[in-house]
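One file, coords.pdb, is given below (PDB, C-alpha atoms).
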```pdb
ATOM      1  CA  MET S   1      97.421 182.148 143.365
ATOM      2  CA  ALA S   2      96.548 181.724 139.693
ATOM      3  CA  ALA S   3      96.236 178.195 138.374
ATOM      4  CA  ASP S   4      99.021 176.922 136.122
ATOM      5  CA  LEU S   5      97.337 176.313 132.752
ATOM      6  CA  THR S   6     100.569 175.531 130.846
ATOM      7  CA  GLU S   7     100.123 172.535 128.531
ATOM      8  CA  ARG S   8     102.259 169.590 129.517
ATOM      9  CA  PRO S   9     103.025 166.418 127.505
ATOM     10  CA  LEU S  10     100.851 163.471 128.568
ATOM     11  CA  ALA S  11     103.696 161.080 129.014
ATOM     12  CA  HIS S  12     101.710 158.599 131.066
ATOM     13  CA  ALA S  13      98.808 158.601 128.577
ATOM     14  CA  ALA S  14     101.103 157.957 125.643
ATOM     15  CA  ALA S  15     102.656 155.070 127.463
ATOM     16  CA  ALA S  16      99.224 153.532 128.004
ATOM     17  CA  VAL S  17      98.345 153.480 124.297
ATOM     18  CA  PRO S  18      99.153 150.049 122.854
ATOM     19  CA  ASP S  19     101.695 149.875 120.069
ATOM     20  CA  ALA S  20     100.345 149.575 116.545
ATOM     21  CA  PRO S  21     100.614 146.068 115.117
ATOM     22  CA  LYS S  22     103.865 145.507 113.281
ATOM     23  CA  ALA S  23     103.859 144.365 109.701
ATOM     24  CA  ALA S  24     104.875 140.749 109.078
ATOM     25  CA  SER S  25     108.566 140.351 108.614
ATOM     26  CA  PRO S  26     109.449 139.903 104.968
ATOM     27  CA  SER S  27     111.966 137.225 105.936
ATOM     28  CA  TYR S  28     109.210 134.891 107.179
ATOM     29  CA  SER S  29     107.151 135.188 104.000
ATOM     30  CA  LYS S  30     110.257 134.653 101.905
ATOM     31  CA  LYS S  31     111.158 131.542 103.880
ATOM     32  CA  GLY S  32     107.630 130.160 103.533
ATOM     33  CA  SER S  33     107.609 130.817  99.795
ATOM     34  CA  ALA S  34     111.032 129.210  99.371
ATOM     35  CA  GLY S  35     109.912 126.145 101.318
ATOM     36  CA  ALA S  36     106.782 125.748  99.192
ATOM     37  CA  GLN S  37     108.816 126.085  96.022
ATOM     38  CA  ALA S  38     111.303 123.494  97.254
ATOM     39  CA  LEU S  39     108.506 121.021  98.057
ATOM     40  CA  ALA S  40     106.922 121.621  94.673
ATOM     41  CA  PHE S  41     110.277 121.055  92.970
ATOM     42  CA  VAL S  42     110.795 117.778  94.850
ATOM     43  CA  GLY S  43     107.275 116.705  93.910
ATOM     44  CA  ARG S  44     107.950 117.407  90.241
ATOM     45  CA  LEU S  45     111.208 115.458  90.405
ATOM     46  CA  ALA S  46     109.415 112.500  92.005
ATOM     47  CA  SER S  47     106.718 112.611  89.337
ATOM     48  CA  MET S  48     109.267 112.748  86.556
ATOM     49  CA  ALA S  49     111.227 109.864  88.097
ATOM     50  CA  ALA S  50     108.086 107.751  88.341
ATOM     51  CA  MET S  51     107.211 108.580  84.757
ATOM     52  CA  LEU S  52     110.697 107.641  83.528
ATOM     53  CA  ILE S  53     110.542 104.341  85.409
ATOM     54  CA  ALA S  54     107.141 103.592  83.897
ATOM     55  CA  LEU S  55     108.359 104.436  80.408
ATOM     56  CA  PHE S  56     111.518 102.368  80.881
ATOM     57  CA  ALA S  57     109.434  99.416  82.044
ATOM     58  CA  ALA S  58     107.154  99.776  79.040
ATOM     59  CA  LEU S  59     110.163  99.955  76.735
ATOM     60  CA  VAL S  60     111.996  96.941  78.185
ATOM     61  CA  LEU S  61     109.017  94.685  78.868
ATOM     62  CA  ILE S  62     106.681  95.568  76.014
ATOM     63  CA  VAL S  63     107.966  97.802  73.226
ATOM     64  CA  VAL S  64     111.316  96.112  72.509
ATOM     65  CA  PRO S  65     109.944  92.535  72.515
ATOM     66  CA  VAL S  66     107.115  93.525  70.167
ATOM     67  CA  ALA S  67     109.373  95.590  67.875
ATOM     68  CA  THR S  68     111.927  92.772  67.530
ATOM     69  CA  GLY S  69     109.390  89.983  67.154
ATOM     70  CA  SER S  70     110.690  88.354  70.325
ATOM     71  CA  HIS S  71     108.849  85.922  72.580
ATOM     72  CA  THR S  72     108.666  86.444  76.345
ATOM     73  CA  TYR S  73     108.789  83.707  78.960
ATOM     74  CA  THR S  74     109.050  83.306  82.707
ATOM     75  CA  VAL S  75     111.502  80.943  84.389
ATOM     76  CA  LEU S  76     109.500  78.547  86.572
ATOM     77  CA  THR S  77     112.150  76.098  87.815
ATOM     78  CA  ASN S  78     115.672  76.137  89.229
ATOM     79  CA  SER S  79     117.221  74.414  86.202
ATOM     80  CA  MET S  80     118.989  77.648  85.128
ATOM     81  CA  ALA S  81     119.837  78.928  88.619
ATOM     82  CA  PRO S  82     121.634  80.867  89.940
ATOM     83  CA  LYS S  83     121.930  83.130  86.892
ATOM     84  CA  PHE S  84     118.276  82.785  85.902
ATOM     85  CA  PRO S  85     116.298  81.857  89.031
ATOM     86  CA  PRO S  86     112.522  81.337  89.085
ATOM     87  CA  GLY S  87     110.668  84.546  88.319
ATOM     88  CA  THR S  88     113.181  85.803  85.751
ATOM     89  CA  PHE S  89     111.541  87.434  82.742
ATOM     90  CA  LEU S  90     113.193  86.237  79.516
ATOM     91  CA  VAL S  91     113.049  87.917  76.130
ATOM     92  CA  MET S  92     113.962  85.395  73.425
ATOM     93  CA  LYS S  93     114.736  86.826  69.994
ATOM     94  CA  PRO S  94     114.421  84.715  66.841
ATOM     95  CA  ALA S  95     117.822  83.723  65.461
ATOM     96  CA  PRO S  96     118.904  81.698  62.430
ATOM     97  CA  PHE S  97     119.473  78.093  63.467
ATOM     98  CA  GLY S  98     122.832  78.020  61.743
ATOM     99  CA  GLU S  99     124.114  80.961  63.816
ATOM    100  CA  LEU S 100     123.436  79.352  67.199
ATOM    101  CA  LYS S 101     126.672  78.518  68.980
ATOM    102  CA  TYR S 102     128.019  76.794  72.054
ATOM    103  CA  GLY S 103     126.958  78.571  75.254
ATOM    104  CA  ASP S 104     123.848  80.264  73.808
ATOM    105  CA  VAL S 105     120.699  80.128  75.951
ATOM    106  CA  ILE S 106     117.691  79.099  73.876
ATOM    107  CA  THR S 107     114.011  78.411  74.412
ATOM    108  CA  PHE S 108     112.704  75.366  72.583
ATOM    109  CA  GLN S 109     109.577  73.246  72.403
ATOM    110  CA  LEU S 110     109.829  69.978  74.287
ATOM    111  CA  TYR S 111     107.819  68.442  71.485
ATOM    112  CA  SER S 112     107.450  69.997  68.056
ATOM    113  CA  GLY S 113     104.121  71.753  67.609
ATOM    114  CA  ARG S 114     103.185  71.638  71.287
ATOM    115  CA  PRO S 115     103.115  74.652  73.655
ATOM    116  CA  GLU S 116     105.397  73.247  76.400
ATOM    117  CA  VAL S 117     108.831  74.903  76.257
ATOM    118  CA  GLU S 118     112.156  74.749  78.067
ATOM    119  CA  THR S 119     114.984  77.264  78.327
ATOM    120  CA  HIS S 120     118.446  75.698  78.537
ATOM    121  CA  ARG S 121     121.982  76.313  77.329
ATOM    122  CA  ILE S 122     123.585  74.786  74.247
ATOM    123  CA  VAL S 123     126.414  72.486  75.341
ATOM    124  CA  GLY S 124     127.042  70.607  72.123
ATOM    125  CA  PHE S 125     125.915  69.668  68.639
ATOM    126  CA  GLY S 126     124.771  66.483  66.968
ATOM    127  CA  ALA S 127     122.975  65.196  63.910
ATOM    128  CA  THR S 128     120.185  62.802  63.036
ATOM    129  CA  GLN S 129     120.653  59.758  60.849
ATOM    130  CA  ALA S 130     119.295  61.831  57.982
ATOM    131  CA  GLY S 131     122.048  64.404  58.535
ATOM    132  CA  GLU S 132     119.861  67.061  60.194
ATOM    133  CA  LYS S 133     121.818  69.201  62.646
ATOM    134  CA  THR S 134     120.634  69.054  66.253
ATOM    135  CA  LEU S 135     121.505  70.813  69.502
ATOM    136  CA  ILE S 136     122.531  69.231  72.794
ATOM    137  CA  THR S 137     121.217  71.271  75.723
ATOM    138  CA  ARG S 138     121.440  71.306  79.493
ATOM    139  CA  GLY S 139     120.233  73.450  82.350
ATOM    140  CA  ASP S 140     123.023  75.310  84.178
ATOM    141  CA  ASN S 141     121.877  73.754  87.453
ATOM    142  CA  ASN S 142     121.372  70.252  86.072
ATOM    143  CA  GLY S 143     123.882  67.455  86.346
ATOM    144  CA  ALA S 144     123.136  65.865  82.974
ATOM    145  CA  ASN S 145     122.300  66.857  79.424
ATOM    146  CA  ASP S 146     118.701  66.880  78.254
ATOM    147  CA  ALA S 147     117.635  63.430  77.092
ATOM    148  CA  ALA S 148     116.423  64.462  73.641
ATOM    149  CA  PRO S 149     118.362  66.543  71.109
ATOM    150  CA  VAL S 150     116.740  69.755  69.873
ATOM    151  CA  ARG S 151     115.837  70.134  66.215
ATOM    152  CA  GLU S 152     115.606  73.404  64.307
ATOM    153  CA  ILE S 153     111.810  73.298  64.152
ATOM    154  CA  GLN S 154     111.631  73.264  67.961
ATOM    155  CA  VAL S 155     113.695  76.409  68.614
ATOM    156  CA  LYS S 156     111.651  79.486  69.591
ATOM    157  CA  GLY S 157     114.479  81.942  70.092
ATOM    158  CA  LYS S 158     117.841  82.880  71.574
ATOM    159  CA  LEU S 159     118.211  84.903  74.769
ATOM    160  CA  PHE S 160     118.084  88.630  74.020
ATOM    161  CA  TYR S 161     117.981  89.883  77.612
ATOM    162  CA  ALA S 162     116.572  88.928  81.003
ATOM    163  CA  VAL S 163     114.909  90.952  83.764
ATOM    164  CA  PRO S 164     115.027  89.503  87.319
ATOM    165  CA  GLN S 165     111.825  89.051  89.348
ATOM    166  CA  VAL S 166     109.515  90.628  86.759
ATOM    167  CA  GLY S 167     108.280  87.214  85.687
ATOM    168  CA  PHE S 168     106.417  86.845  88.978
ATOM    169  CA  VAL S 169     104.082  89.625  87.848
ATOM    170  CA  ALA S 170     103.403  87.776  84.604
ATOM    171  CA  ASN S 171     102.667  84.619  86.572
ATOM    172  CA  ALA S 172     100.269  86.497  88.845
ATOM    173  CA  LEU S 173      98.408  87.783  85.806
ATOM    174  CA  GLY S 174      98.379  84.353  84.230
ATOM    175  CA  ASN S 175     100.046  82.995  81.131
ATOM    176  CA  ALA S 176      96.908  81.930  79.269
ATOM    177  CA  ASP S 177      96.678  85.126  77.244
ATOM    178  CA  ARG S 178      99.997  86.975  77.514
ATOM    179  CA  GLY S 179      99.152  89.158  74.496
ATOM    180  CA  LEU S 180      96.054  90.549  76.206
ATOM    181  CA  TRP S 181      97.917  91.348  79.410
ATOM    182  CA  THR S 182     100.752  92.935  77.429
ATOM    183  CA  THR S 183      98.303  95.222  75.629
ATOM    184  CA  LEU S 184      96.568  96.193  78.876
ATOM    185  CA  ALA S 185      99.920  96.858  80.561
ATOM    186  CA  ALA S 186     101.014  99.078  77.667
ATOM    187  CA  ILE S 187      97.801 101.093  77.853
ATOM    188  CA  GLY S 188      98.134 101.425  81.625
ATOM    189  CA  LEU S 189     101.759 102.571  81.493
ATOM    190  CA  ILE S 190     101.091 105.090  78.721
ATOM    191  CA  GLY S 191      98.063 106.426  80.605
ATOM    192  CA  TYR S 192     100.053 106.678  83.826
ATOM    193  CA  GLY S 193     102.846 108.569  82.085
ATOM    194  CA  THR S 194     100.334 110.957  80.502
ATOM    195  CA  ILE S 195      98.739 111.702  83.887
ATOM    196  CA  LEU S 196     102.121 112.414  85.472
ATOM    197  CA  VAL S 197     103.097 114.773  82.649
ATOM    198  CA  PHE S 198      99.751 116.593  82.930
ATOM    199  CA  LYS S 199     100.128 116.993  86.697
ATOM    200  CA  SER S 200     103.683 118.237  86.335
ATOM    201  CA  VAL S 201     102.725 120.838  83.718
ATOM    202  CA  ARG S 202      99.719 121.993  85.744
ATOM    203  CA  GLY S 203     101.860 122.303  88.891
ATOM    204  CA  SER S 204     104.439 124.379  87.024
ATOM    205  CA  ARG S 205     101.744 126.726  85.751
ATOM    206  CA  LYS S 206     100.319 127.192  89.241
ATOM    207  CA  GLN S 207     103.737 128.002  90.642
ATOM    208  CA  ALA S 208     104.318 130.546  87.865
ATOM    209  CA  ALA S 209     100.928 132.177  88.551
ATOM    210  CA  VAL S 210     101.675 132.424  92.283
ATOM    211  CA  ALA S 211     105.075 133.935  91.601
ATOM    212  CA  GLU S 212     103.562 136.571  89.282
ATOM    213  CA  ALA S 213     100.832 137.426  91.817
ATOM    214  CA  GLY S 214     103.429 137.838  94.548
TER     215      GLY S 214
END
```

Rewrite the coordinates I just gave you, this time as structure tokens.
Amino acid sequence: MAADLTERPLAHAAAAVPDAPKAASPSYSKKGSAGAQALAFVGRLASMAAMLIALFAALVLIVVPVATGSHTYTVLTNSMAPKFPPGTFLVMKPAPFGELKYGDVITFQLYSGRPEVETHRIVGFGATQAGEKTLITRGDNNGANDAAPVREIQVKGKLFYAVPQVGFVANALGNADRGLWTTLAAIGLIGYGTILVFKSVRGSRKQAAVAEAG
């Protein structure tokens, strides 16, 4: 009998050949790209928030006091608690003596011409024998008025605004040369803000380049 030479499909051989590798699913790459973009966006938001906080701190603690000619002090005792506890940062703006009124919080020299100061509230008015107007002051947490009346020459300023807790930082840095520390803080905050802006811009450019390449 003649041999059957009819060609037959090699079904078993085809089954043995491994499948060709499948291309990566587009959905996975899209998800990965979206996740990276979301993280980058959150990072930029965090950087911008930190920059805004730094700029706000520089504005409130440095720029405004300097621009208005105000003096800055730190509350060290409980005499003005609970509204102004120890550590409160006070910005005292110069004010005409004649415009000071009952209830104003002022900073004044304990002795004219000397550096020691006190910050108390005006609770009354008086006058010297020569007819010079004086102020009667008292700490909010004190039970009695200050012993000595305050003269115009002693007044350093009237409360402009106060920032809780910030005074502790000033105390840690030392009060011997507040102007030097203020200058250094301003330089540091401006430098920090510049770095954050640079990083944010550079990150945005990288993301744009990646998007164009994709």

Checklist entry - If we count only C-alpha atoms, what is near segment 198-202 of chain S at a cut-off of 8 Å, once residues fewer than 5 positions away on the same chain are taken out, given as a list in words? => result Arg44, Ser47 and Met48 of chain S

Can you write out the residues you just picked, keeping C-alpha atoms, as a JSON list (two decimals), in the coordinates of the input?
```json
[["chain", "number", "residue", "atom", "x", "y", "z"],
["S", 44, "ARG", "CA", 107.95, 117.41, 90.24],
["S", 47, "SER", "CA", 106.72, 112.61, 89.34],
["S", 48, "MET", "CA", 109.27, 112.75, 86.56]]
```

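Between atom CA of Phe97 of chain S and atom CA of Thr134 of chain S lies a distance of 9.5 Å.
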
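Between Gly143 of chain S and the residues S:Gln109, S:Gln165, S:Thr128, S:Ser79, the shortest atom-to-atom distance, using all atoms listed in the file, involves S:Ser79.
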
Next on the checklist: Please expand the PyMOL selection byres ((chain S and resi 146-151) around 8) into the concrete residues it hits in this file, giving the result as a list in words.
Outcome noted: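 Output of the PyMOL selection byres ((chain S and resi 146-151) around 8): Phe108, Gly126, Glu132, Lys133, Thr134, Leu135, Ile136, Thr137, Arg138, Gly139, Ala144, Asn145, Glu152, Ile153, Gln154 and Val155 of chain S.
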
Item to check | Nearest residue to Ala50 of chain S from the set S:Val63, S:Leu196, S:Ala95, S:Ala127 (distances using all atoms listed in the file) | outcome: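 Closest residue, counting all atoms listed in the file: S:Leu196.
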
Checklist entry - What is the distance between atom CA of Phe89 of chain S and atom CA of Val66 of chain S, in Å to one decimal? => result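 Between atom CA of Phe89 of chain S and atom CA of Val66 of chain S the gap works out to 14.7 Å.
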
Checklist entry - What separation in Å, quoted to one decimal, exists between atom CA of Leu59 of chain S and atom CA of Gly157 of chain S? => result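 We find that atom CA of Leu59 of chain S and atom CA of Gly157 of chain S lie 19.7 Å from each other.
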
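Comparing S:Ala36, S:Leu159, S:Leu61, S:Leu90 by their smallest distance to Leu76 of chain S, the closest is S:Leu90 (using only C-alpha atoms).
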
Checklist entry - Any chance you could work out the residue set of the PyMOL selection byres ((chain S and resi 65) around 12) here, as a list in words? => result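 After applying the PyMOL selection byres ((chain S and resi 65) around 12), what remains is Ala57, Ala58, Leu59, Val60, Leu61, Ile62, Val63, Val64, Val66, Ala67, Thr68, Gly69, Ser70, His71, Thr72, Tyr73, Phe89, Leu90, Val91, Met92, Lys93, Pro94, Gly157, Leu159, Phe160, Tyr161, Ala162, Gly179 and Thr182 of chain S.
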
Next on the checklist: Restricting the calculation to all atoms listed in the file: of S:Pro115, S:Gly87, S:Pro82, S:Gly124, which residue gets closest to Lys101 of chain S?
Outcome noted: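 Closest residue, counting all atoms listed in the file: S:Gly124.
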
Could you get me a file of segment 155-167 of chain S with all heavy atoms, as a CSV table (one decimal), in the first residue's frame, taken from the block above?
```
chain,number,residue,atom,x,y,z
S,155,VAL,N,7.1,106.6,77.1
S,155,VAL,CA,6.3,105.7,76.2
S,155,VAL,C,7.0,105.4,75.0
S,155,VAL,O,7.5,106.3,74.2
S,155,VAL,CB,4.9,106.4,75.9
S,155,VAL,CG1,4.1,105.5,74.9
S,155,VAL,CG2,4.1,106.7,77.2
S,156,LYS,N,7.1,104.1,74.7
S,156,LYS,CA,7.7,103.6,73.5
S,156,LYS,C,6.8,103.3,72.3
S,156,LYS,O,7.1,103.3,71.2
S,156,LYS,CB,8.5,102.3,73.8
S,156,LYS,CG,9.6,102.4,74.9
S,156,LYS,CD,10.7,103.4,74.5
S,156,LYS,CE,11.5,102.8,73.3
S,156,LYS,NZ,12.6,103.7,73.0
S,157,GLY,N,5.5,103.0,72.7
S,157,GLY,CA,4.6,102.7,71.6
S,157,GLY,C,3.3,102.1,72.1
S,157,GLY,O,3.2,101.7,73.3
S,158,LYS,N,2.3,102.1,71.3
S,158,LYS,CA,1.0,101.5,71.5
S,158,LYS,C,0.8,100.2,70.8
S,158,LYS,O,1.3,100.1,69.7
S,158,LYS,CB,-0.1,102.5,71.1
S,158,LYS,CG,-1.5,102.0,71.1
S,158,LYS,CD,-2.5,103.1,70.6
S,158,LYS,CE,-3.8,102.5,70.4
S,158,LYS,NZ,-4.8,103.5,69.8
S,159,LEU,N,0.1,99.2,71.4
S,159,LEU,CA,0.0,97.9,70.7
S,159,LEU,C,-0.6,98.0,69.3
S,159,LEU,O,-1.7,98.6,69.2
S,159,LEU,CB,-0.9,97.0,71.6
S,159,LEU,CG,-1.1,95.6,71.1
S,159,LEU,CD1,0.2,94.8,71.0
S,159,LEU,CD2,-2.1,94.9,71.9
S,160,PHE,N,0.1,97.5,68.4
S,160,PHE,CA,-0.3,97.4,67.0
S,160,PHE,C,-1.0,96.1,66.7
S,160,PHE,O,-2.1,96.0,66.3
S,160,PHE,CB,0.9,97.7,66.1
S,160,PHE,CG,0.5,97.9,64.6
S,160,PHE,CD1,-0.8,98.1,64.2
S,160,PHE,CD2,1.5,97.7,63.6
S,160,PHE,CE1,-1.1,98.3,62.9
S,160,PHE,CE2,1.2,97.9,62.3
S,160,PHE,CZ,-0.1,98.2,61.9
S,161,TYR,N,-0.2,95.0,67.0
S,161,TYR,CA,-0.7,93.7,67.0
S,161,TYR,C,0.2,92.7,67.8
S,161,TYR,O,1.3,93.1,68.1
S,161,TYR,CB,-1.0,93.1,65.6
S,161,TYR,CG,0.3,93.1,64.7
S,161,TYR,CD1,1.1,92.0,64.7
S,161,TYR,CD2,0.5,94.2,63.8
S,161,TYR,CE1,2.3,92.0,63.9
S,161,TYR,CE2,1.6,94.1,63.0
S,161,TYR,CZ,2.5,93.1,63.0
S,161,TYR,OH,3.6,93.0,62.2
S,162,ALA,N,-0.3,91.6,68.1
S,162,ALA,CA,0.4,90.6,68.9
S,162,ALA,C,0.4,89.2,68.2
S,162,ALA,O,-0.7,88.9,67.6
S,162,ALA,CB,-0.1,90.5,70.3
S,163,VAL,N,1.4,88.5,68.3
S,163,VAL,CA,1.5,87.1,67.7
S,163,VAL,C,1.9,86.1,68.8
S,163,VAL,O,3.0,86.2,69.4
S,163,VAL,CB,2.6,87.0,66.6
S,163,VAL,CG1,2.5,85.7,65.9
S,163,VAL,CG2,2.3,88.1,65.5
S,164,PRO,N,1.0,85.2,69.1
S,164,PRO,CA,1.2,84.3,70.2
S,164,PRO,C,2.4,83.4,70.0
S,164,PRO,O,2.7,83.0,68.8
S,164,PRO,CB,-0.1,83.4,70.3
S,164,PRO,CG,-1.1,84.3,69.6
S,164,PRO,CD,-0.4,85.0,68.6
S,165,GLN,N,3.2,83.0,71.0
S,165,GLN,CA,4.3,82.0,71.0
S,165,GLN,C,5.5,82.4,70.2
S,165,GLN,O,6.6,81.9,70.5
S,165,GLN,CB,3.8,80.7,70.5
S,165,GLN,CG,2.5,80.1,71.2
S,165,GLN,CD,2.8,79.9,72.7
S,165,GLN,OE1,3.9,79.5,73.1
S,165,GLN,NE2,1.8,80.2,73.5
S,166,VAL,N,5.4,83.3,69.3
S,166,VAL,CA,6.6,83.7,68.4
S,166,VAL,C,7.7,84.3,69.3
S,166,VAL,O,8.9,84.1,68.9
S,166,VAL,CB,6.2,84.6,67.3
S,166,VAL,CG1,7.4,85.0,66.5
S,166,VAL,CG2,5.1,83.9,66.4
S,167,GLY,N,7.4,84.9,70.4
S,167,GLY,CA,8.4,85.6,71.2
S,167,GLY,C,9.4,84.6,71.7
S,167,GLY,O,10.5,85.0,72.0
```
